[in-house]
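Structure first, commentary second.
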Amino acid sequence: MALNAGATRFNTESNQLELWDGNQWTGILGDSAVLNTGGTRGFRLGGNTVDVIDFFNIDTCGNAVDFGNLTGSRGATGQGFASRVRGFQAGGYNSGYLNNIDFFSIPSQGNASDFGDMLNSKQAIGALSDRTRGVICSGSDANPAVNVIMFVTMTTTGNALDFGDLSISKSNTKCVASQTRGVNIGGAIGTGNNTDNIDFITISTQGNAADFGNLVGTARQSHSACSNAVRGMINGGSPSTDEIAYITIATLGDSIDFGDLTRNTEGSGAGASPTRAAVYGGGSSNEIVYYQIMTTGDARDFGDLTQSISETAGCSNGHGGL
């Protein structure tokens with residue numbers, strides 16, 4: 001019987017899965033950005049009106065090294081997002097609110113390129129992604145807080161499209177994600193006022209966010225957040241705190257205490273692998289710390305960024321949305 005292209009078999013001699021390409025059997029090779037880079041890469045994106053991109057391997061400990069540059073200097077960068085192969089940074093502030101979205105290739109080193117524009121110019125955004133869709137939400141512009149949610153398809157280039165609205169307007173918020181669900185956590189709702197609100201969305205659809213639960217303890221802004229596929233981690237924030245909290249993304253409910261960072265931290269970046277979270281910068285520091293996501297406990301020293309920084313963004317190619 002003739003084989004159709006796309007048929008597979010397991011070769012018991014080579015112990016390899018093979019694909020019939022229409023003419024011959026060829027080996028199927030597993031490949032990913034994580035394999036190409038020797039582990040999960042964490043990125044620090046801009047901050048304090050600079051254009052620097054740092055990176056490091058989250059699965060080890062050590063200092064960050066220079067990766068390249070964003071298309072322009074910016075502060076109040078908020079939060080980055082990423083697929084397996086592309087990293088993104090949106091918005092920020094530099095003599096005015098910015099609407100540009102930058103992207104870069106994670107397996108290589110080099111400068112970012114222009115991807116497109118957000119619906120509006122804004123700073124202090126929250127952001128998350130699954131494997132294909134990046135979601136940008138909240139922020140501030142001429143208004144101290146907005147409720148806009150927008151999205152991009154990360155495999156292409158182009159401008160953001162409308163997704164829906166958060167349940168309230170806020171800025172300086174942060175987000176986490178599983179492969180199906182995005183969660184927006186805390187933030188500022190006006191000058192000097194923070195919120196303990198947690199909203200969630202289904203990433204693959206469009207529509208308004210729904211209530212997830214609340215931050216337990218002090219409402220906060222200017223924190224950082226990251227996740228694996230199970231837990232969303234919330235790090236530090238303002239009012240100045242060293243607290244780490246977590247949520248279980250697949251359920252609804254309030255945050256739970258996890259442990260403490262090594263210091264009070266505002267305006268940090270964060271990135272995660274499936275097992276480990278890294279928190280970096282904030283409060284004009286160059287410190288990187290880490291902890292194991294599926295346990296509870298305090299953070300430990302990891303290494304240093306290439307420069308002291310605050311109001312920075314972070315992302316990784318091993319987060320829970322992938």
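As shown in the structure tokens, the chain order sets the letters A, B, ...; within each chain, residues go from 1, and ligands are also counted from 1 in the order they appear.
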
field: Residue contacts of segment 280-291 of chain A (6 Å, only C-alpha atoms) excluding same-chain residues fewer than 6 positions away, as a VMD selection string
entry: chain A and resid 265 to 269 299 to 305 307 to 310

Selection from above, C-alpha atoms, as a PDB file, in the first residue's frame, can you write it?
```pdb
ATOM      1  CA  THR A 265      11.325  46.153  45.675  1.00  0.00           C
ATOM      2  CA  GLU A 266       9.313  48.474  43.403  1.00  0.00           C
ATOM      3  CA  GLY A 267       9.504  48.709  39.612  1.00  0.00           C
ATOM      4  CA  SER A 268      11.258  45.372  39.084  1.00  0.00           C
ATOM      5  CA  GLY A 269      11.097  42.983  36.138  1.00  0.00           C
ATOM      6  CA  ALA A 299      14.114  34.401  47.467  1.00  0.00           C
ATOM      7  CA  ARG A 300      17.861  33.870  47.113  1.00  0.00           C
ATOM      8  CA  ASP A 301      20.632  35.753  45.341  1.00  0.00           C
ATOM      9  CA  PHE A 302      21.047  34.854  41.651  1.00  0.00           C
ATOM     10  CA  GLY A 303      23.469  37.459  40.245  1.00  0.00           C
ATOM     11  CA  ASP A 304      23.437  40.989  38.830  1.00  0.00           C
ATOM     12  CA  LEU A 305      22.091  42.879  35.836  1.00  0.00           C
ATOM     13  CA  GLN A 307      23.281  48.096  35.314  1.00  0.00           C
ATOM     14  CA  SER A 308      21.116  49.286  38.203  1.00  0.00           C
ATOM     15  CA  ILE A 309      17.607  49.925  36.948  1.00  0.00           C
ATOM     16  CA  SER A 310      14.010  50.645  37.920  1.00  0.00           C
TER      17      SER A 310
END
```

Expected answer as a PDB file with N, CA and C atoms, in the first residue's frame: strand (DSSP E) residues in segment 62-127 of chain A:
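What landed in part13.pdb:
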```pdb
ATOM      1  N   VAL A  65      24.104  39.394  30.880  1.00  0.00           N
ATOM      2  CA  VAL A  65      25.004  39.977  29.887  1.00  0.00           C
ATOM      3  C   VAL A  65      24.175  40.779  28.886  1.00  0.00           C
ATOM      4  N   ASP A  66      24.846  41.621  28.140  1.00  0.00           N
ATOM      5  CA  ASP A  66      24.158  42.470  27.172  1.00  0.00           C
ATOM      6  C   ASP A  66      23.623  41.648  26.008  1.00  0.00           C
ATOM      7  N   PHE A  67      22.373  41.898  25.623  1.00  0.00           N
ATOM      8  CA  PHE A  67      21.743  41.208  24.501  1.00  0.00           C
ATOM      9  C   PHE A  67      21.669  42.104  23.271  1.00  0.00           C
ATOM     10  N   GLY A  68      21.325  43.372  23.478  1.00  0.00           N
ATOM     11  CA  GLY A  68      21.146  44.324  22.382  1.00  0.00           C
ATOM     12  C   GLY A  68      20.427  45.549  22.898  1.00  0.00           C
ATOM     13  N   ASN A  69      19.696  46.210  22.004  1.00  0.00           N
ATOM     14  CA  ASN A  69      19.010  47.443  22.380  1.00  0.00           C
ATOM     15  C   ASN A  69      17.595  47.481  21.814  1.00  0.00           C
ATOM     16  N   LEU A  70      16.706  48.136  22.554  1.00  0.00           N
ATOM     17  CA  LEU A  70      15.384  48.450  22.035  1.00  0.00           C
ATOM     18  C   LEU A  70      15.508  49.505  20.941  1.00  0.00           C
ATOM     19  N   THR A  71      14.415  49.795  20.234  1.00  0.00           N
ATOM     20  CA  THR A  71      14.466  50.788  19.160  1.00  0.00           C
ATOM     21  C   THR A  71      14.606  52.215  19.687  1.00  0.00           C
ATOM     22  N   GLY A  72      14.382  52.393  20.995  1.00  0.00           N
ATOM     23  CA  GLY A  72      14.545  53.703  21.600  1.00  0.00           C
ATOM     24  C   GLY A  72      14.596  53.591  23.107  1.00  0.00           C
ATOM     25  N   SER A  73      15.117  54.616  23.766  1.00  0.00           N
ATOM     26  CA  SER A  73      15.176  54.634  25.225  1.00  0.00           C
ATOM     27  C   SER A  73      13.791  54.868  25.796  1.00  0.00           C
ATOM     28  N   ARG A  74      13.530  54.253  26.948  1.00  0.00           N
ATOM     29  CA  ARG A  74      12.213  54.419  27.561  1.00  0.00           C
ATOM     30  C   ARG A  74      12.236  54.009  29.027  1.00  0.00           C
ATOM     31  N   PHE A  81       6.359  40.593  27.121  1.00  0.00           N
ATOM     32  CA  PHE A  81       5.714  39.312  26.882  1.00  0.00           C
ATOM     33  C   PHE A  81       6.502  38.583  25.808  1.00  0.00           C
ATOM     34  N   ALA A  82       6.245  37.281  25.635  1.00  0.00           N
ATOM     35  CA  ALA A  82       7.105  36.502  24.739  1.00  0.00           C
ATOM     36  C   ALA A  82       6.420  35.241  24.266  1.00  0.00           C
ATOM     37  N   ARG A  86      10.177  34.768  20.146  1.00  0.00           N
ATOM     38  CA  ARG A  86      10.191  36.224  20.074  1.00  0.00           C
ATOM     39  C   ARG A  86       9.884  36.854  21.431  1.00  0.00           C
ATOM     40  N   GLY A  87      10.621  37.908  21.762  1.00  0.00           N
ATOM     41  CA  GLY A  87      10.335  38.718  22.929  1.00  0.00           C
ATOM     42  C   GLY A  87       9.794  40.065  22.503  1.00  0.00           C
ATOM     43  N   PHE A  88       8.954  40.690  23.370  1.00  0.00           N
ATOM     44  CA  PHE A  88       8.261  41.928  23.020  1.00  0.00           C
ATOM     45  C   PHE A  88       8.301  42.914  24.184  1.00  0.00           C
ATOM     46  N   GLN A  89       8.352  44.200  23.837  1.00  0.00           N
ATOM     47  CA  GLN A  89       8.208  45.280  24.805  1.00  0.00           C
ATOM     48  C   GLN A  89       7.330  46.353  24.181  1.00  0.00           C
ATOM     49  N   ALA A  90       6.348  46.853  24.945  1.00  0.00           N
ATOM     50  CA  ALA A  90       5.387  47.816  24.402  1.00  0.00           C
ATOM     51  C   ALA A  90       5.293  49.047  25.298  1.00  0.00           C
ATOM     52  N   ASN A 100       4.727  52.478  20.600  1.00  0.00           N
ATOM     53  CA  ASN A 100       5.391  51.483  19.763  1.00  0.00           C
ATOM     54  C   ASN A 100       5.509  50.135  20.471  1.00  0.00           C
ATOM     55  N   ILE A 101       5.520  49.071  19.673  1.00  0.00           N
ATOM     56  CA  ILE A 101       5.776  47.708  20.132  1.00  0.00           C
ATOM     57  C   ILE A 101       7.061  47.232  19.458  1.00  0.00           C
ATOM     58  N   ASP A 102       8.042  46.818  20.254  1.00  0.00           N
ATOM     59  CA  ASP A 102       9.299  46.277  19.753  1.00  0.00           C
ATOM     60  C   ASP A 102       9.277  44.755  19.844  1.00  0.00           C
ATOM     61  N   PHE A 103      10.064  44.087  18.984  1.00  0.00           N
ATOM     62  CA  PHE A 103      10.267  42.648  19.130  1.00  0.00           C
ATOM     63  C   PHE A 103      11.701  42.288  18.783  1.00  0.00           C
ATOM     64  N   PHE A 104      12.141  41.126  19.295  1.00  0.00           N
ATOM     65  CA  PHE A 104      13.491  40.646  19.030  1.00  0.00           C
ATOM     66  C   PHE A 104      13.476  39.124  19.008  1.00  0.00           C
ATOM     67  N   SER A 105      14.504  38.540  18.410  1.00  0.00           N
ATOM     68  CA  SER A 105      14.609  37.089  18.295  1.00  0.00           C
ATOM     69  C   SER A 105      15.316  36.521  19.522  1.00  0.00           C
ATOM     70  N   SER A 113      13.486  45.240  16.764  1.00  0.00           N
ATOM     71  CA  SER A 113      12.913  45.894  15.578  1.00  0.00           C
ATOM     72  C   SER A 113      11.492  46.334  15.868  1.00  0.00           C
ATOM     73  N   ASP A 114      10.980  47.220  15.032  1.00  0.00           N
ATOM     74  CA  ASP A 114       9.609  47.690  15.197  1.00  0.00           C
ATOM     75  C   ASP A 114       8.619  46.610  14.779  1.00  0.00           C
ATOM     76  N   PHE A 115       7.615  46.355  15.612  1.00  0.00           N
ATOM     77  CA  PHE A 115       6.574  45.372  15.327  1.00  0.00           C
ATOM     78  C   PHE A 115       5.299  46.051  14.835  1.00  0.00           C
ATOM     79  N   GLY A 116       4.919  47.153  15.469  1.00  0.00           N
ATOM     80  CA  GLY A 116       3.694  47.873  15.148  1.00  0.00           C
ATOM     81  C   GLY A 116       3.388  48.839  16.276  1.00  0.00           C
ATOM     82  N   ASP A 117       2.132  49.225  16.403  1.00  0.00           N
ATOM     83  CA  ASP A 117       1.734  50.207  17.403  1.00  0.00           C
ATOM     84  C   ASP A 117       0.566  49.705  18.246  1.00  0.00           C
ATOM     85  N   GLY A 126       0.399  46.371  31.666  1.00  0.00           N
ATOM     86  CA  GLY A 126       0.534  44.969  32.010  1.00  0.00           C
ATOM     87  C   GLY A 126       0.483  44.168  30.719  1.00  0.00           C
ATOM     88  N   ALA A 127       1.116  42.989  30.679  1.00  0.00           N
ATOM     89  CA  ALA A 127       1.145  42.196  29.449  1.00  0.00           C
ATOM     90  C   ALA A 127       1.293  40.719  29.775  1.00  0.00           C
TER      91      ALA A 127
END
```

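Neighbouring residues of Gly207 of chain A at 9 Å or closer, counting only C-alpha atoms and skipping chain neighbours under 3 positions away, are Ile149, Phe163, Gly164, Asp165, Ile201 and Thr202 of chain A.
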
Can those selected residues be exported to a file as a PDB file, in the first residue's frame so that it contains N, CA and C atoms?
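Heads up, here's the output in result-v6.pdb:
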```pdb
ATOM      1  N   ILE A 149      -7.963  46.592  26.958  1.00  0.00           N
ATOM      2  CA  ILE A 149      -7.213  45.369  26.665  1.00  0.00           C
ATOM      3  C   ILE A 149      -7.065  45.283  25.150  1.00  0.00           C
ATOM      4  N   PHE A 163      -9.333  44.000  22.283  1.00  0.00           N
ATOM      5  CA  PHE A 163      -9.704  42.715  22.867  1.00  0.00           C
ATOM      6  C   PHE A 163     -10.960  42.848  23.731  1.00  0.00           C
ATOM      7  N   GLY A 164     -11.028  43.889  24.557  1.00  0.00           N
ATOM      8  CA  GLY A 164     -12.144  44.109  25.475  1.00  0.00           C
ATOM      9  C   GLY A 164     -11.716  45.085  26.555  1.00  0.00           C
ATOM     10  N   ASP A 165     -12.291  44.968  27.735  1.00  0.00           N
ATOM     11  CA  ASP A 165     -11.993  45.894  28.831  1.00  0.00           C
ATOM     12  C   ASP A 165     -11.783  45.146  30.135  1.00  0.00           C
ATOM     13  N   ILE A 201      -9.018  36.741  31.916  1.00  0.00           N
ATOM     14  CA  ILE A 201      -9.559  36.609  30.566  1.00  0.00           C
ATOM     15  C   ILE A 201      -9.209  35.229  30.033  1.00  0.00           C
ATOM     16  N   THR A 202      -9.920  34.802  28.989  1.00  0.00           N
ATOM     17  CA  THR A 202      -9.529  33.634  28.199  1.00  0.00           C
ATOM     18  C   THR A 202      -8.764  34.160  26.997  1.00  0.00           C
TER      19      THR A 202
END
```

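Closest to Leu252 of chain A among A:Asn214, A:Ser238, A:Ser222, A:Gln109 is A:Asn214, based on only C-alpha atoms.
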
query: Which of these residues is nearest to Asp54 of chain A, using only C-alpha atoms: A:Asn99, A:Ser171, A:Asn111, A:Thr295?
result: A:Asn111

- request: Work out how far atom CA of Arg44 of chain A is from atom CA of Thr306 of chain A, in Å to one decimal.
  value: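 Computed distance, atom CA of Thr306 of chain A to atom CA of Arg44 of chain A, equals 9.7 Å.
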
message: Residues within 10 Å of Asn264 of chain A, please, as a list in words. Count only C-alpha atoms; anything in the same chain fewer than 2 positions from it doesn't count.
response: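 Counting only the stated atoms, we get Asn235, Gly236, Gly237, Ser238, Pro239, Ser240, Thr241, Asp242, Glu243, Asp260, Leu261, Thr262, Glu266, Gly282 and Gly283 of chain A.
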
Just N, CA, C and O atoms for this one: save the residues we selected as a compact mmCIF listing (two decimals), in the first residue's frame.
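Heads up, here's the output in result22.txt:
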```txt
# COMPACT_ATOMS: atom_id res chain seq x y z
N ASN A 235 5.41 39.84 43.00
CA ASN A 235 6.66 40.17 43.68
C ASN A 235 6.74 41.64 44.05
O ASN A 235 6.69 42.51 43.18
N GLY A 236 6.90 41.92 45.35
CA GLY A 236 7.13 43.28 45.81
C GLY A 236 6.03 44.24 45.44
O GLY A 236 4.87 43.87 45.30
N GLY A 237 6.40 45.51 45.25
CA GLY A 237 5.45 46.53 44.83
C GLY A 237 5.41 47.71 45.76
O GLY A 237 6.19 47.83 46.71
N SER A 238 4.48 48.60 45.47
CA SER A 238 4.27 49.82 46.25
C SER A 238 2.87 49.82 46.84
O SER A 238 1.91 49.51 46.11
N PRO A 239 2.71 50.14 48.16
CA PRO A 239 3.73 50.60 49.11
C PRO A 239 4.89 49.61 49.21
O PRO A 239 4.69 48.41 49.12
N SER A 240 6.09 50.17 49.42
CA SER A 240 7.32 49.39 49.33
C SER A 240 7.26 48.15 50.20
O SER A 240 7.03 48.21 51.41
N THR A 241 7.44 46.99 49.56
CA THR A 241 7.31 45.71 50.26
C THR A 241 8.25 44.68 49.66
O THR A 241 8.65 44.79 48.49
N ASP A 242 8.59 43.67 50.46
CA ASP A 242 9.38 42.54 49.98
C ASP A 242 8.53 41.29 49.83
O ASP A 242 9.05 40.20 49.61
N GLU A 243 7.23 41.41 49.91
CA GLU A 243 6.34 40.25 49.93
C GLU A 243 6.26 39.56 48.56
O GLU A 243 6.19 40.20 47.53
N ASP A 260 9.36 35.96 51.01
CA ASP A 260 9.88 37.33 50.90
C ASP A 260 11.03 37.40 49.91
O ASP A 260 11.82 36.46 49.78
N LEU A 261 11.12 38.54 49.22
CA LEU A 261 12.31 38.89 48.46
C LEU A 261 13.44 39.23 49.42
O LEU A 261 13.25 39.31 50.63
N THR A 262 14.62 39.50 48.89
CA THR A 262 15.75 39.85 49.73
C THR A 262 15.71 41.31 50.20
O THR A 262 16.48 41.70 51.07
N GLU A 266 10.32 47.87 44.28
CA GLU A 266 9.31 48.47 43.40
C GLU A 266 9.91 48.62 42.01
O GLU A 266 11.09 48.89 41.86
N GLY A 282 14.62 47.14 39.96
CA GLY A 282 13.67 47.77 40.86
C GLY A 282 14.37 48.56 41.95
O GLY A 282 15.39 48.11 42.49
N GLY A 283 13.85 49.75 42.24
CA GLY A 283 14.48 50.56 43.26
C GLY A 283 15.90 50.95 42.93
O GLY A 283 16.75 51.10 43.81
```

- request: Quick one: pull the distance between atom CA of Thr49 of chain A and atom CA of Gly139 of chain A, Å, one decimal.
  value: 17.1 Å

query: Can you tell me how far atom CA of Gly213 of chain A sits from atom CA of Met118 of chain A, in Å to one decimal?
result: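 About the pair atom CA of Gly213 of chain A and atom CA of Met118 of chain A: they are 28.0 Å apart.
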